[in-house]
$ cat model-v5.cif   # mmCIF, C-alpha atoms (C1' of nucleotides)
data_input
#
loop_
_atom_site.label_atom_id
_atom_site.label_comp_id
_atom_site.auth_asym_id
_atom_site.auth_seq_id
_atom_site.Cartn_x
_atom_site.Cartn_y
_atom_site.Cartn_z
CA MET X 1 -59.85 -12.77 -39.57
CA THR X 2 -56.46 -12.32 -41.29
CA GLU X 3 -53.07 -13.50 -40.10
CA PRO X 4 -52.39 -12.48 -36.49
CA SER X 5 -49.05 -10.74 -36.27
CA GLY X 6 -47.98 -13.15 -33.61
CA ARG X 7 -47.61 -11.19 -30.42
CA ARG X 8 -50.75 -12.75 -29.03
CA GLU X 9 -49.58 -16.25 -29.80
CA ARG X 10 -46.15 -15.51 -28.42
CA LYS X 11 -47.61 -14.26 -25.17
CA LYS X 12 -49.86 -17.24 -24.90
CA ALA X 13 -46.97 -19.60 -25.49
CA ALA X 14 -44.92 -17.67 -22.94
CA THR X 15 -47.64 -18.04 -20.34
CA ARG X 16 -47.89 -21.73 -21.08
CA ARG X 17 -44.17 -22.25 -20.77
CA LYS X 18 -44.00 -20.19 -17.62
CA ILE X 19 -46.65 -22.37 -16.03
CA ALA X 20 -45.03 -25.62 -17.13
CA ASP X 21 -41.57 -24.50 -16.04
CA THR X 22 -42.77 -23.26 -12.68
CA ALA X 23 -44.71 -26.45 -12.07
CA LEU X 24 -41.79 -28.69 -12.95
CA ARG X 25 -39.44 -26.69 -10.78
CA LEU X 26 -41.77 -26.85 -7.79
CA PHE X 27 -42.42 -30.55 -8.33
CA LEU X 28 -38.71 -31.30 -8.35
CA GLU X 29 -38.05 -29.07 -5.36
CA ARG X 30 -40.82 -30.29 -3.08
CA GLY X 31 -42.19 -33.47 -4.62
CA TYR X 32 -45.22 -33.89 -6.85
CA ASP X 33 -47.73 -34.56 -4.09
CA GLU X 34 -46.51 -31.67 -1.98
CA VAL X 35 -47.33 -29.07 -4.62
CA GLY X 36 -50.90 -27.96 -5.22
CA ILE X 37 -52.36 -26.30 -8.27
CA ARG X 38 -52.89 -23.17 -6.22
CA ASP X 39 -49.18 -23.12 -5.34
CA ILE X 40 -48.24 -23.37 -8.99
CA ALA X 41 -50.65 -20.65 -10.02
CA ALA X 42 -49.40 -18.32 -7.31
CA GLU X 43 -45.73 -18.92 -8.11
CA ALA X 44 -46.30 -18.48 -11.84
CA ASP X 45 -48.42 -15.41 -11.06
CA VAL X 46 -51.47 -16.56 -12.96
CA ALA X 47 -54.99 -17.56 -11.99
CA VAL X 48 -55.85 -21.17 -11.28
CA THR X 49 -58.25 -21.15 -14.20
CA THR X 50 -55.46 -20.07 -16.50
CA VAL X 51 -53.48 -23.17 -15.55
CA PHE X 52 -56.40 -25.33 -16.57
CA SER X 53 -56.98 -23.44 -19.77
CA HIS X 54 -53.50 -24.52 -20.84
CA PHE X 55 -53.32 -28.00 -19.31
CA ALA X 56 -56.07 -30.53 -18.94
CA SER X 57 -54.90 -31.81 -15.58
CA LYS X 58 -52.19 -31.57 -12.97
CA GLU X 59 -50.50 -34.67 -14.36
CA ALA X 60 -50.41 -33.19 -17.85
CA LEU X 61 -48.04 -30.52 -16.54
CA VAL X 62 -45.39 -33.16 -16.02
CA PHE X 63 -45.59 -34.70 -19.47
CA GLU X 64 -45.55 -31.34 -21.22
CA GLN X 65 -41.97 -31.71 -22.38
CA ASP X 66 -42.36 -35.35 -23.37
CA SER X 67 -41.13 -35.61 -26.94
CA ASN X 68 -44.25 -36.51 -28.81
CA PHE X 69 -44.46 -40.21 -28.60
CA GLU X 70 -47.66 -40.46 -30.55
CA GLU X 71 -46.55 -38.55 -33.60
CA ASN X 72 -43.22 -40.31 -33.74
CA LEU X 73 -44.85 -43.72 -33.79
CA ARG X 74 -47.35 -42.71 -36.42
CA GLY X 75 -44.50 -41.23 -38.40
CA ALA X 76 -42.55 -44.47 -38.22
CA VAL X 77 -45.48 -46.24 -39.85
CA GLU X 78 -46.54 -43.67 -42.39
CA GLY X 79 -43.24 -42.16 -43.38
CA ARG X 80 -41.16 -45.21 -44.13
CA GLU X 81 -39.67 -46.23 -47.47
CA PRO X 82 -41.92 -48.33 -49.72
CA ALA X 83 -40.18 -51.62 -49.05
CA GLU X 84 -39.03 -50.88 -45.53
CA PRO X 85 -40.42 -53.46 -43.10
CA LEU X 86 -42.65 -52.19 -40.33
CA ILE X 87 -41.37 -53.82 -37.19
CA PRO X 88 -37.72 -52.73 -37.43
CA ALA X 89 -38.92 -49.20 -38.10
CA LEU X 90 -40.98 -49.28 -34.94
CA ARG X 91 -38.12 -50.80 -33.00
CA GLY X 92 -35.86 -47.96 -34.05
CA GLU X 93 -38.39 -45.43 -32.91
CA ILE X 94 -38.98 -47.08 -29.55
CA GLN X 95 -35.25 -47.43 -29.11
CA ALA X 96 -34.87 -43.68 -29.67
CA LEU X 97 -37.67 -42.85 -27.26
CA VAL X 98 -36.24 -45.09 -24.57
CA ARG X 99 -32.81 -43.59 -25.04
CA HIS X 100 -34.30 -40.14 -24.79
CA CYS X 101 -36.09 -40.76 -21.52
CA THR X 102 -33.14 -42.48 -19.88
CA ALA X 103 -30.80 -39.60 -20.63
CA ASP X 104 -29.15 -38.03 -17.60
CA SER X 105 -30.63 -34.62 -18.29
CA VAL X 106 -34.18 -35.83 -17.66
CA ALA X 107 -33.39 -38.43 -15.01
CA PRO X 108 -34.84 -36.46 -12.08
CA VAL X 109 -38.14 -36.06 -13.89
CA TRP X 110 -38.43 -39.78 -14.54
CA ARG X 111 -37.44 -40.57 -11.00
CA MET X 112 -40.29 -38.36 -9.87
CA ILE X 113 -42.72 -40.07 -12.22
CA ASP X 114 -41.66 -43.50 -11.03
CA GLY X 115 -42.17 -42.37 -7.47
CA SER X 116 -45.75 -41.25 -7.92
CA PRO X 117 -48.56 -43.76 -8.50
CA ALA X 118 -50.76 -41.02 -9.92
CA LEU X 119 -48.15 -40.12 -12.51
CA ARG X 120 -47.40 -43.72 -13.44
CA GLU X 121 -51.07 -44.37 -13.95
CA TYR X 122 -51.46 -41.26 -16.03
CA GLU X 123 -48.52 -42.21 -18.19
CA GLU X 124 -49.80 -45.71 -18.88
CA SER X 125 -53.18 -44.35 -19.78
CA MET X 126 -51.55 -41.86 -22.13
CA ARG X 127 -49.50 -44.61 -23.79
CA LEU X 128 -52.68 -46.54 -24.34
CA ARG X 129 -54.08 -43.68 -26.32
CA HIS X 130 -50.87 -43.66 -28.28
CA ALA X 131 -51.30 -47.37 -28.96
CA GLU X 132 -54.78 -46.78 -30.33
CA SER X 133 -53.44 -44.10 -32.59
CA LEU X 134 -50.66 -46.41 -33.75
CA ALA X 135 -53.15 -49.18 -34.41
CA ALA X 136 -55.19 -46.83 -36.54
CA ALA X 137 -52.13 -45.87 -38.57
CA MET X 138 -51.27 -49.53 -39.10
CA ALA X 139 -54.80 -50.47 -40.06
CA ALA X 140 -54.79 -47.67 -42.60
CA ASP X 141 -51.81 -49.16 -44.47
CA PRO X 142 -53.21 -51.71 -46.92
CA GLY X 143 -49.75 -53.01 -47.73
CA LEU X 144 -49.39 -54.59 -44.31
CA GLY X 145 -52.03 -57.21 -44.88
CA ARG X 146 -53.05 -57.82 -41.30
CA THR X 147 -56.44 -57.79 -39.60
CA PRO X 148 -57.52 -54.85 -37.44
CA THR X 149 -57.33 -57.10 -34.41
CA ALA X 150 -53.74 -58.04 -35.20
CA CYS X 151 -52.89 -54.37 -35.69
CA ARG X 152 -54.39 -53.44 -32.35
CA ALA X 153 -52.54 -56.24 -30.64
CA ILE X 154 -49.19 -55.35 -32.17
CA ALA X 155 -49.70 -51.67 -31.38
CA ARG X 156 -50.19 -52.56 -27.74
CA PHE X 157 -47.21 -54.88 -27.77
CA VAL X 158 -45.05 -52.05 -29.10
CA VAL X 159 -46.13 -49.73 -26.32
CA ASP X 160 -45.59 -52.55 -23.84
CA ALA X 161 -42.04 -52.83 -25.11
CA TYR X 162 -41.46 -49.24 -24.13
CA SER X 163 -42.91 -49.69 -20.65
CA VAL X 164 -41.11 -52.95 -19.97
CA ALA X 165 -37.83 -51.54 -21.24
CA ARG X 166 -38.10 -48.46 -19.09
CA GLU X 167 -38.08 -50.51 -15.93
CA ALA X 168 -35.46 -53.02 -17.08
CA ALA X 169 -31.88 -52.96 -15.88
CA ASP X 170 -30.60 -52.56 -19.44
CA PRO X 171 -33.35 -50.73 -21.30
CA GLU X 172 -31.84 -50.89 -24.77
CA ALA X 173 -31.21 -54.61 -24.56
CA ALA X 174 -34.76 -55.08 -23.30
CA VAL X 175 -36.14 -53.26 -26.33
CA ASP X 176 -34.26 -55.66 -28.59
CA GLU X 177 -35.41 -58.67 -26.60
CA VAL X 178 -39.06 -57.69 -26.65
CA PHE X 179 -38.91 -56.76 -30.30
CA ARG X 180 -37.66 -60.22 -31.22
CA MET X 181 -40.88 -61.45 -29.67
CA ILE X 182 -42.96 -58.83 -31.47
CA GLU X 183 -41.33 -59.74 -34.77
CA ALA X 184 -42.41 -63.35 -34.27
CA ALA X 185 -45.92 -62.29 -33.26
CA TRP X 186 -46.18 -60.13 -36.35
CA ALA X 187 -45.07 -62.99 -38.59
CA ALA X 188 -47.63 -65.28 -36.96
CA ALA X 189 -50.36 -62.77 -37.75
CA SER X 190 -49.63 -63.05 -41.46
CA PRO X 191 -52.60 -64.48 -43.43
CA ALA X 192 -50.26 -67.05 -44.95
CA VAL X 193 -49.56 -68.46 -41.51
CA SER X 194 -53.09 -68.57 -40.22
CA ARG X 195 -53.57 -71.96 -41.94
CA MET G 1 -58.59 -62.59 20.40
CA THR G 2 -60.24 -66.01 19.87
CA GLU G 3 -62.55 -67.04 17.03
CA PRO G 4 -65.25 -64.42 16.48
CA SER G 5 -68.64 -66.07 16.34
CA GLY G 6 -69.30 -64.41 13.01
CA ARG G 7 -72.09 -61.94 13.53
CA ARG G 8 -69.69 -59.06 13.27
CA GLU G 9 -68.24 -60.32 10.02
CA ARG G 10 -71.68 -61.01 8.64
CA LYS G 11 -72.83 -57.49 9.43
CA LYS G 12 -69.73 -56.03 7.88
CA ALA G 13 -70.21 -58.08 4.74
CA ALA G 14 -73.85 -57.06 4.64
CA THR G 15 -72.94 -53.39 4.82
CA ARG G 16 -70.40 -53.86 2.08
CA ARG G 17 -72.87 -55.62 -0.17
CA LYS G 18 -75.55 -53.08 0.53
CA ILE G 19 -73.23 -50.29 -0.51
CA ALA G 20 -72.08 -52.07 -3.67
CA ASP G 21 -75.62 -53.05 -4.67
CA THR G 22 -76.98 -49.57 -4.07
CA ALA G 23 -74.15 -48.00 -6.00
CA LEU G 24 -74.56 -50.30 -8.98
CA ARG G 25 -78.29 -49.78 -9.05
CA LEU G 26 -77.95 -46.00 -8.98
CA PHE G 27 -75.21 -46.06 -11.60
CA LEU G 28 -77.37 -48.09 -13.96
CA GLU G 29 -80.43 -45.95 -13.29
CA ARG G 30 -78.88 -42.52 -13.68
CA GLY G 31 -75.46 -43.05 -15.24
CA TYR G 32 -72.10 -43.26 -13.54
CA ASP G 33 -71.23 -39.58 -13.72
CA GLU G 34 -74.64 -38.50 -12.51
CA VAL G 35 -74.30 -40.27 -9.16
CA GLY G 36 -72.12 -38.84 -6.39
CA ILE G 37 -70.63 -40.63 -3.44
CA ARG G 38 -72.93 -38.63 -1.19
CA ASP G 39 -75.94 -39.93 -3.12
CA ILE G 40 -74.81 -43.50 -2.69
CA ALA G 41 -74.15 -43.09 1.00
CA ALA G 42 -77.55 -41.49 1.58
CA GLU G 43 -79.40 -44.15 -0.40
CA ALA G 44 -77.54 -46.98 1.35
CA ASP G 45 -78.11 -45.20 4.65
CA VAL G 46 -74.47 -45.14 5.69
CA ALA G 47 -71.91 -42.39 6.18
CA VAL G 48 -69.65 -41.29 3.37
CA THR G 49 -66.65 -42.42 5.36
CA THR G 50 -68.12 -45.89 5.63
CA VAL G 51 -68.24 -46.14 1.85
CA PHE G 52 -64.55 -45.38 1.68
CA SER G 53 -63.72 -47.78 4.48
CA HIS G 54 -65.07 -50.58 2.27
CA PHE G 55 -63.98 -49.36 -1.17
CA ALA G 56 -60.85 -47.52 -2.11
CA SER G 57 -62.49 -45.33 -4.70
CA LYS G 58 -65.71 -44.62 -6.54
CA GLU G 59 -64.55 -46.68 -9.50
CA ALA G 60 -63.83 -49.67 -7.29
CA LEU G 61 -67.55 -49.88 -6.55
CA VAL G 62 -68.18 -50.87 -10.15
CA PHE G 63 -65.59 -53.63 -10.32
CA GLU G 64 -66.65 -55.17 -7.03
CA GLN G 65 -68.40 -58.11 -8.68
CA ASP G 66 -65.64 -58.65 -11.25
CA SER G 67 -64.68 -62.30 -11.02
CA ASN G 68 -61.15 -62.18 -9.77
CA PHE G 69 -59.07 -61.83 -12.84
CA GLU G 70 -55.81 -61.67 -10.98
CA GLU G 71 -56.19 -64.89 -9.03
CA ASN G 72 -57.46 -66.80 -12.03
CA LEU G 73 -54.44 -65.87 -14.09
CA ARG G 74 -52.01 -66.70 -11.30
CA GLY G 75 -53.88 -69.96 -10.84
CA ALA G 76 -53.54 -70.82 -14.52
CA VAL G 77 -49.77 -70.52 -14.15
CA GLU G 78 -49.25 -72.11 -10.77
CA GLY G 79 -51.89 -74.79 -10.78
CA ARG G 80 -51.31 -76.52 -14.08
CA GLU G 81 -50.18 -80.09 -14.66
CA PRO G 82 -46.42 -80.66 -14.70
CA ALA G 83 -46.15 -81.02 -18.46
CA GLU G 84 -49.00 -78.72 -19.43
CA PRO G 85 -47.78 -75.89 -21.61
CA LEU G 86 -48.20 -72.37 -20.31
CA ILE G 87 -49.69 -70.43 -23.18
CA PRO G 88 -52.70 -72.66 -23.89
CA ALA G 89 -53.50 -72.62 -20.19
CA LEU G 90 -53.51 -68.85 -20.22
CA ARG G 91 -55.55 -68.77 -23.40
CA GLY G 92 -58.20 -70.95 -21.78
CA GLU G 93 -58.37 -68.65 -18.80
CA ILE G 94 -58.63 -65.49 -20.87
CA GLN G 95 -61.24 -67.16 -23.04
CA ALA G 96 -63.30 -67.92 -19.93
CA LEU G 97 -62.94 -64.38 -18.61
CA VAL G 98 -63.96 -62.85 -21.93
CA ARG G 99 -66.94 -65.17 -22.15
CA HIS G 100 -67.91 -64.19 -18.64
CA CYS G 101 -67.86 -60.48 -19.27
CA THR G 102 -69.71 -60.69 -22.56
CA ALA G 103 -72.59 -62.65 -21.04
CA ASP G 104 -75.98 -61.02 -21.35
CA SER G 105 -76.53 -60.84 -17.62
CA VAL G 106 -73.71 -58.35 -17.15
CA ALA G 107 -74.06 -56.53 -20.45
CA PRO G 108 -75.49 -53.29 -18.99
CA VAL G 109 -72.59 -53.02 -16.61
CA TRP G 110 -70.03 -53.35 -19.36
CA ARG G 111 -71.94 -50.92 -21.52
CA MET G 112 -71.70 -48.45 -18.67
CA ILE G 113 -67.97 -49.07 -18.28
CA ASP G 114 -67.37 -48.60 -21.98
CA GLY G 115 -69.29 -45.35 -21.83
CA SER G 116 -67.23 -43.78 -19.10
CA PRO G 117 -63.63 -42.69 -19.71
CA ALA G 118 -62.95 -42.71 -15.98
CA LEU G 119 -64.04 -46.33 -15.69
CA ARG G 120 -62.17 -47.47 -18.78
CA GLU G 121 -59.03 -45.85 -17.45
CA TYR G 122 -59.49 -47.44 -14.08
CA GLU G 123 -60.00 -50.85 -15.62
CA GLU G 124 -56.88 -50.66 -17.73
CA SER G 125 -54.87 -49.58 -14.76
CA MET G 126 -56.28 -52.48 -12.77
CA ARG G 127 -55.41 -54.94 -15.54
CA LEU G 128 -51.89 -53.60 -15.50
CA ARG G 129 -51.55 -54.57 -11.88
CA HIS G 130 -52.87 -57.96 -12.81
CA ALA G 131 -50.22 -58.22 -15.50
CA GLU G 132 -47.51 -57.45 -13.00
CA SER G 133 -48.85 -60.14 -10.73
CA LEU G 134 -48.95 -62.60 -13.62
CA ALA G 135 -45.40 -61.70 -14.58
CA ALA G 136 -44.28 -62.42 -11.04
CA ALA G 137 -45.97 -65.81 -11.09
CA MET G 138 -44.30 -66.65 -14.39
CA ALA G 139 -40.90 -65.48 -13.25
CA ALA G 140 -41.26 -67.68 -10.17
CA ASP G 141 -41.62 -70.83 -12.27
CA PRO G 142 -38.11 -72.05 -13.05
CA GLY G 143 -39.41 -74.61 -15.52
CA LEU G 144 -40.39 -71.94 -18.00
CA GLY G 145 -36.85 -70.91 -18.79
CA ARG G 146 -37.48 -67.34 -19.84
CA THR G 147 -35.95 -64.07 -18.73
CA PRO G 148 -37.82 -61.73 -16.38
CA THR G 149 -38.15 -59.26 -19.23
CA ALA G 150 -39.75 -61.88 -21.46
CA CYS G 151 -42.13 -62.83 -18.66
CA ARG G 152 -43.16 -59.23 -18.14
CA ALA G 153 -43.71 -58.76 -21.85
CA ILE G 154 -45.79 -61.92 -22.23
CA ALA G 155 -47.84 -61.03 -19.15
CA ARG G 156 -48.70 -57.70 -20.72
CA PHE G 157 -49.48 -59.33 -24.04
CA VAL G 158 -51.91 -61.68 -22.30
CA VAL G 159 -53.74 -58.82 -20.67
CA ASP G 160 -53.71 -56.99 -23.99
CA ALA G 161 -55.43 -60.00 -25.52
CA TYR G 162 -58.26 -59.55 -23.07
CA SER G 163 -58.63 -55.85 -23.78
CA VAL G 164 -58.41 -56.22 -27.54
CA ALA G 165 -60.86 -59.10 -27.55
CA ARG G 166 -63.37 -57.21 -25.46
CA GLU G 167 -63.72 -54.54 -28.11
CA ALA G 168 -63.63 -56.89 -31.10
CA ALA G 169 -66.70 -57.86 -33.07
CA ASP G 170 -66.14 -61.54 -32.31
CA PRO G 171 -64.38 -61.62 -28.93
CA GLU G 172 -63.70 -65.35 -28.78
CA ALA G 173 -62.20 -65.46 -32.25
CA ALA G 174 -60.08 -62.43 -31.34
CA VAL G 175 -58.70 -64.25 -28.30
CA ASP G 176 -57.61 -67.12 -30.53
CA GLU G 177 -56.11 -64.78 -33.08
CA VAL G 178 -54.09 -62.82 -30.53
CA PHE G 179 -52.99 -65.98 -28.75
CA ARG G 180 -51.54 -67.36 -31.99
CA MET G 181 -49.37 -64.27 -31.95
CA ILE G 182 -48.52 -64.68 -28.29
CA GLU G 183 -47.58 -68.32 -28.84
CA ALA G 184 -45.11 -67.23 -31.48
CA ALA G 185 -43.73 -64.48 -29.26
CA TRP G 186 -43.28 -66.95 -26.43
CA ALA G 187 -41.42 -69.36 -28.68
CA ALA G 188 -39.18 -66.57 -29.88
CA ALA G 189 -38.29 -65.77 -26.28
CA SER G 190 -36.89 -69.24 -25.77
CA PRO G 191 -33.15 -69.21 -24.99
CA ALA G 192 -32.61 -71.74 -27.79
CA VAL G 193 -33.90 -69.22 -30.30
CA SER G 194 -32.05 -66.16 -29.09
CA ARG G 195 -29.02 -67.29 -31.07
"C1'" DC C 1 -56.42 7.55 -34.47
"C1'" DG C 2 -60.41 5.64 -32.04
"C1'" DA C 3 -63.95 2.07 -31.98
"C1'" DT C 4 -64.77 -2.73 -32.04
"C1'" DT C 5 -64.17 -7.63 -31.53
"C1'" DA C 6 -62.65 -11.83 -29.74
"C1'" DA C 7 -59.09 -14.29 -27.39
"C1'" DA C 8 -56.83 -14.65 -23.09
"C1'" DA C 9 -56.62 -14.04 -18.41
"C1'" DG C 10 -58.73 -13.16 -13.98
"C1'" DC C 11 -61.98 -13.74 -9.96
"C1'" DT C 12 -65.29 -15.96 -7.16
"C1'" DA C 13 -67.61 -19.67 -5.76
"C1'" DA C 14 -68.82 -23.84 -6.14
"C1'" DC C 15 -68.81 -29.13 -6.90
"C1'" DT C 16 -66.78 -33.83 -6.26
"C1'" DG C 17 -63.84 -37.45 -4.63
"C1'" DT C 18 -61.25 -38.27 -0.68
"C1'" DT C 19 -59.21 -38.01 3.99
"C1'" DA C 20 -58.21 -36.69 8.90
"C1'" DG C 21 -59.68 -36.48 13.54
"C1'" DC C 22 -62.65 -37.57 16.85
"C1'" DT C 23 -66.98 -39.73 18.97
"C1'" DT C 24 -70.43 -43.29 19.37
"C1'" DT C 25 -72.14 -47.83 18.86
"C1'" DT C 26 -71.78 -52.70 19.13
"C1'" DG C 27 -70.21 -57.53 18.99
"C1'" DG C 28 -67.08 -60.46 21.41
"C1'" DT C 29 -64.47 -61.65 25.52
"C1'" DA C 30 -62.65 -61.99 30.26
"C1'" DT O 1 -70.63 -56.85 34.47
"C1'" DA O 2 -66.88 -54.42 32.66
"C1'" DC O 3 -63.86 -53.90 29.00
"C1'" DC O 4 -61.77 -53.95 24.33
"C1'" DA O 5 -61.44 -53.28 19.65
"C1'" DA O 6 -63.74 -53.15 15.28
"C1'" DA O 7 -67.11 -50.76 12.75
"C1'" DA O 8 -69.71 -46.94 11.80
"C1'" DG O 9 -70.80 -42.14 12.24
"C1'" DC O 10 -70.08 -36.93 12.11
"C1'" DT O 11 -67.91 -32.71 10.97
"C1'" DA O 12 -64.91 -30.30 8.51
"C1'" DA O 13 -61.63 -29.85 5.52
"C1'" DC O 14 -58.41 -30.45 1.36
"C1'" DA O 15 -57.29 -30.82 -3.62
"C1'" DG O 16 -58.36 -31.06 -8.37
"C1'" DT O 17 -61.54 -29.23 -11.44
"C1'" DT O 18 -65.23 -26.41 -13.57
"C1'" DA O 19 -68.94 -22.86 -14.38
"C1'" DG O 20 -70.18 -18.17 -14.83
"C1'" DC O 21 -69.03 -13.73 -15.28
"C1'" DT O 22 -65.78 -9.58 -15.68
"C1'" DT O 23 -61.56 -7.35 -17.13
"C1'" DT O 24 -57.67 -6.83 -20.03
"C1'" DT O 25 -55.46 -6.62 -24.40
"C1'" DA O 26 -53.89 -7.77 -29.16
"C1'" DA O 27 -55.54 -7.34 -33.62
"C1'" DT O 28 -58.67 -5.32 -37.10
"C1'" DC O 29 -61.31 -1.86 -39.43
"C1'" DG O 30 -63.75 2.51 -40.34
#
$ encode --input "model-v5.cif" --output "structure tokens"
Amino acid sequence: MTEPSGRRERKKAATRRKIADTALRLFLERGYDEVGIRDIAAEADVAVTTVFSHFASKEALVFEQDSNFEENLRGAVEGREPAEPLIPALRGEIQALVRHCTADSVAPVWRMIDGSPALREYEESMRLRHAESLAAAMAADPGLGRTPTACRAIARFVVDAYSVAREAADPEAAVDEVFRMIEAAWAAASPAVSR
Amino acid sequence: MTEPSGRRERKKAATRRKIADTALRLFLERGYDEVGIRDIAAEADVAVTTVFSHFASKEALVFEQDSNFEENLRGAVEGREPAEPLIPALRGEIQALVRHCTADSVAPVWRMIDGSPALREYEESMRLRHAESLAAAMAADPGLGRTPTACRAIARFVVDAYSVAREAADPEAAVDEVFRMIEAAWAAASPAVSR
DNA sequence: CGATTAAAAGCTAACTGTTAGCTTTTGGTA
DNA sequence: TACCAAAAGCTAACAGTTAGCTTTTAATCG
């Protein structure tokens, strides 16, 4: 009931990392579709059920290392200076996330994701959950003065910016371009503008 | 090699409809997750492989009757009067689609969809394909004068409007609200505004 | 220390959507 | 009539995922 001294948690984390690392290595070596869960379990020397006790699905293994999108976006809303405007804060965060996922060091992973319909679909569905979480954070800030519907819309637009930018020739320029549009949409959602 | 007299096509269509009808009935009776493909095949008196030769997946059985979202949106872009502005045309189309799916006659189906994570995920992923198709139609219209990135962003925003409206208390009002934002975003994407 | 507890990992066996490979039926055509 | 190709069927399997139960092991307590 008291504080665990940590060995258990360390071992658990080690198992988790071993599984994720093994999976990613195999995926990159042979291709996502060519590697089965049973292959991963065997190579990581764990049982299949252990894989699923750490990861909810095969796809989740790939996005394990994904810097946490959701928390960063929430943080950009909740942790900003009193007078700091919302949209530029979100733009900065999306810009950082786009830069992070276009870095050379993770390029092979993203090439793999782009090459697999299952992974693309999983990612979009994940981003949608992130958008809902972002919308909730925005709706919880009374200083913004927008309707819940407007918050949900803008939250989706922000996630769209990420997706559109990722497949654009110049991702960072695309983020700026889409955010000029989002800025205008946000202004139009102001109560003062609605009549 | 010449014109088939039609019996074959009629029989094929009949099989398809029988499968879709049986599936929908079972889903509504017992719940989506409680009905397996093997159940549907048995009840429709066809082989499992026949089900999959007509429908790509279990989820696709549910969206069979969905009025074709994709074509309607493309049509709103391609088939409008020379001087008719784009965004209001799209708003009208989305308005019609939202009205259609909130009608009482299809309410149980949408309640089922909303109750199943698998179906919600499938729908969003389907809408995303629709958005890509819409973006292509927009990008193909030289009169619009917007970048491909802006077209992709607006296409996603339009599909977002549909999704946000569907879960709003007053769906039709939500469509109008989100489209005021989209109108502003579209204006901000005009080359004249970019500097 | 030794006994105990609960988390973590393991094993087996299944279930479910989906597909491959091959055979049979059947509508349309020469 | 004979033939072709589309449609449907059958069997068996594969892959992701889960349920149920047992074994191991880190942490706690008498």
$ closest_atom_pairs --input "model-v5.cif" --of "range 6-93 of chain X" --to "range 136-151 of chain X" --cutoff "12 Å" --atoms "all atoms listed in the file" --output "JSON lines"
{"residue": "X:Glu70", "atom": "CA", "partner": "X:Ala137", "partner_atom": "CA", "distance": 10.7}
{"residue": "X:Glu71", "atom": "CA", "partner": "X:Ala137", "partner_atom": "CA", "distance": 10.5}
{"residue": "X:Asn72", "atom": "CA", "partner": "X:Ala137", "partner_atom": "CA", "distance": 11.6}
{"residue": "X:Leu73", "atom": "CA", "partner": "X:Ala137", "partner_atom": "CA", "distance": 9.0}
{"residue": "X:Arg74", "atom": "CA", "partner": "X:Ala137", "partner_atom": "CA", "distance": 6.1}
{"residue": "X:Gly75", "atom": "CA", "partner": "X:Ala137", "partner_atom": "CA", "distance": 8.9}
{"residue": "X:Ala76", "atom": "CA", "partner": "X:Ala137", "partner_atom": "CA", "distance": 9.7}
{"residue": "X:Val77", "atom": "CA", "partner": "X:Met138", "partner_atom": "CA", "distance": 6.7}
{"residue": "X:Glu78", "atom": "CA", "partner": "X:Ala137", "partner_atom": "CA", "distance": 7.1}
{"residue": "X:Gly79", "atom": "CA", "partner": "X:Ala137", "partner_atom": "CA", "distance": 10.8}
{"residue": "X:Arg80", "atom": "CA", "partner": "X:Asp141", "partner_atom": "CA", "distance": 11.4}
{"residue": "X:Pro82", "atom": "CA", "partner": "X:Gly143", "partner_atom": "CA", "distance": 9.3}
{"residue": "X:Ala83", "atom": "CA", "partner": "X:Gly143", "partner_atom": "CA", "distance": 9.8}
{"residue": "X:Glu84", "atom": "CA", "partner": "X:Leu144", "partner_atom": "CA", "distance": 11.1}
{"residue": "X:Pro85", "atom": "CA", "partner": "X:Leu144", "partner_atom": "CA", "distance": 9.1}
{"residue": "X:Leu86", "atom": "CA", "partner": "X:Leu144", "partner_atom": "CA", "distance": 8.2}
{"residue": "X:Ile87", "atom": "CA", "partner": "X:Leu144", "partner_atom": "CA", "distance": 10.8}
{"residue": "X:Leu90", "atom": "CA", "partner": "X:Met138", "partner_atom": "CA", "distance": 11.1}
$ write_last_selection --input "model-v5.cif" --atoms "C-alpha atoms" --output "CSV table (one decimal), in the coordinates of the input"
chain,number,residue,atom,x,y,z
X,70,GLU,CA,-47.7,-40.5,-30.6
X,71,GLU,CA,-46.6,-38.6,-33.6
X,72,ASN,CA,-43.2,-40.3,-33.7
X,73,LEU,CA,-44.8,-43.7,-33.8
X,74,ARG,CA,-47.4,-42.7,-36.4
X,75,GLY,CA,-44.5,-41.2,-38.4
X,76,ALA,CA,-42.6,-44.5,-38.2
X,77,VAL,CA,-45.5,-46.2,-39.8
X,78,GLU,CA,-46.5,-43.7,-42.4
X,79,GLY,CA,-43.2,-42.2,-43.4
X,80,ARG,CA,-41.2,-45.2,-44.1
X,82,PRO,CA,-41.9,-48.3,-49.7
X,83,ALA,CA,-40.2,-51.6,-49.0
X,84,GLU,CA,-39.0,-50.9,-45.5
X,85,PRO,CA,-40.4,-53.5,-43.1
X,86,LEU,CA,-42.6,-52.2,-40.3
X,87,ILE,CA,-41.4,-53.8,-37.2
X,90,LEU,CA,-41.0,-49.3,-34.9
$ interface_residues --input "model-v5.cif" --of "chain O" --to "chain X" --cutoff "12 Å" --atoms "all atoms listed in the file" --output "list in words"
DC14, DA15, DG16, DT17, DT18, DA19, DT25, DA26, DA27, DT28 and DC29 of chain O
$ interface_residues --input "model-v5.cif" --of "chain G" --to "chain X" --cutoff "7 Å" --atoms "only C-alpha atoms" --output "list in words"
Glu121, Ser125, Thr149, Ala150, Arg152, Ala153, Arg156, Phe157, Asp160, Ala161, Val164, Ala174, Val178, Arg180, Met181, Ile182, Ala184, Ala185, Trp186, Ala188 and Ala189 of chain G
